[in-house]
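Since the structure comes first, as C-alpha cells, the remarks are kept for the end.
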Amino acid sequence: MYFTDRGIEELENRRGEEEVSLGWVAEQLRTFVDLNPDFEVPIERLATWLARLDDEDDE
C-alpha cells in the first residue's frame, strides 16, 4: 500500500458499508474545496474522471 492510500483505506474501513448518493459526494467535494482551495484542481480532475468513467471516447 502506498502512503497516499492510507486515507482511502480509512474511508473504506470507517464508511465502506454506507450507501450514499453521488449528489451527496458532490456536495462533500464542494465543501472540501471551499475549505481547502489549494485542492481545487485535483478535486476537479477526480470529479471529471468519475463523471466520464463510462465514456467510450476516452478509452
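If you're wondering about the labels, chains in the C-alpha cells are A, B, ... by order shown, residues count from 1 in each chain, ligands from 1 in order shown.
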
message: Would you pick out the contacts of segment 40-56 of chain A at 9 Å or less, using only C-alpha atoms, so that residues sharing its chain but fewer than 4 positions from it are not included, and give the list as a list of chain:residue names?
response: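 Selected residues are A:Ala26, A:Leu29, A:Arg30, A:Phe32, A:Val33, A:Asp34, A:Asn36.
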
Can you write just those residues out, C-alpha atoms, as a PDB file, in the first residue's frame?
```
ATOM      1  CA  ALA A  26     -20.540  16.110  -4.939  1.00  0.00           C
ATOM      2  CA  LEU A  29     -16.323  17.657  -2.575  1.00  0.00           C
ATOM      3  CA  ARG A  30     -17.626  21.241  -2.900  1.00  0.00           C
ATOM      4  CA  PHE A  32     -13.831  20.308   0.870  1.00  0.00           C
ATOM      5  CA  VAL A  33     -12.725  22.680  -1.916  1.00  0.00           C
ATOM      6  CA  ASP A  34     -14.328  25.629  -0.106  1.00  0.00           C
ATOM      7  CA  ASN A  36      -9.142  23.785   1.030  1.00  0.00           C
TER       8      ASN A  36
END
```

field: Picked from chain A by DSSP as helix (DSSP H, G or I), as number ranges by chain
entry: A: 3-15, 22-35, 37-51, 56-58

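Atom CA of Arg6 of chain A is positioned 21.9 Å from atom CA of Pro37 of chain A.
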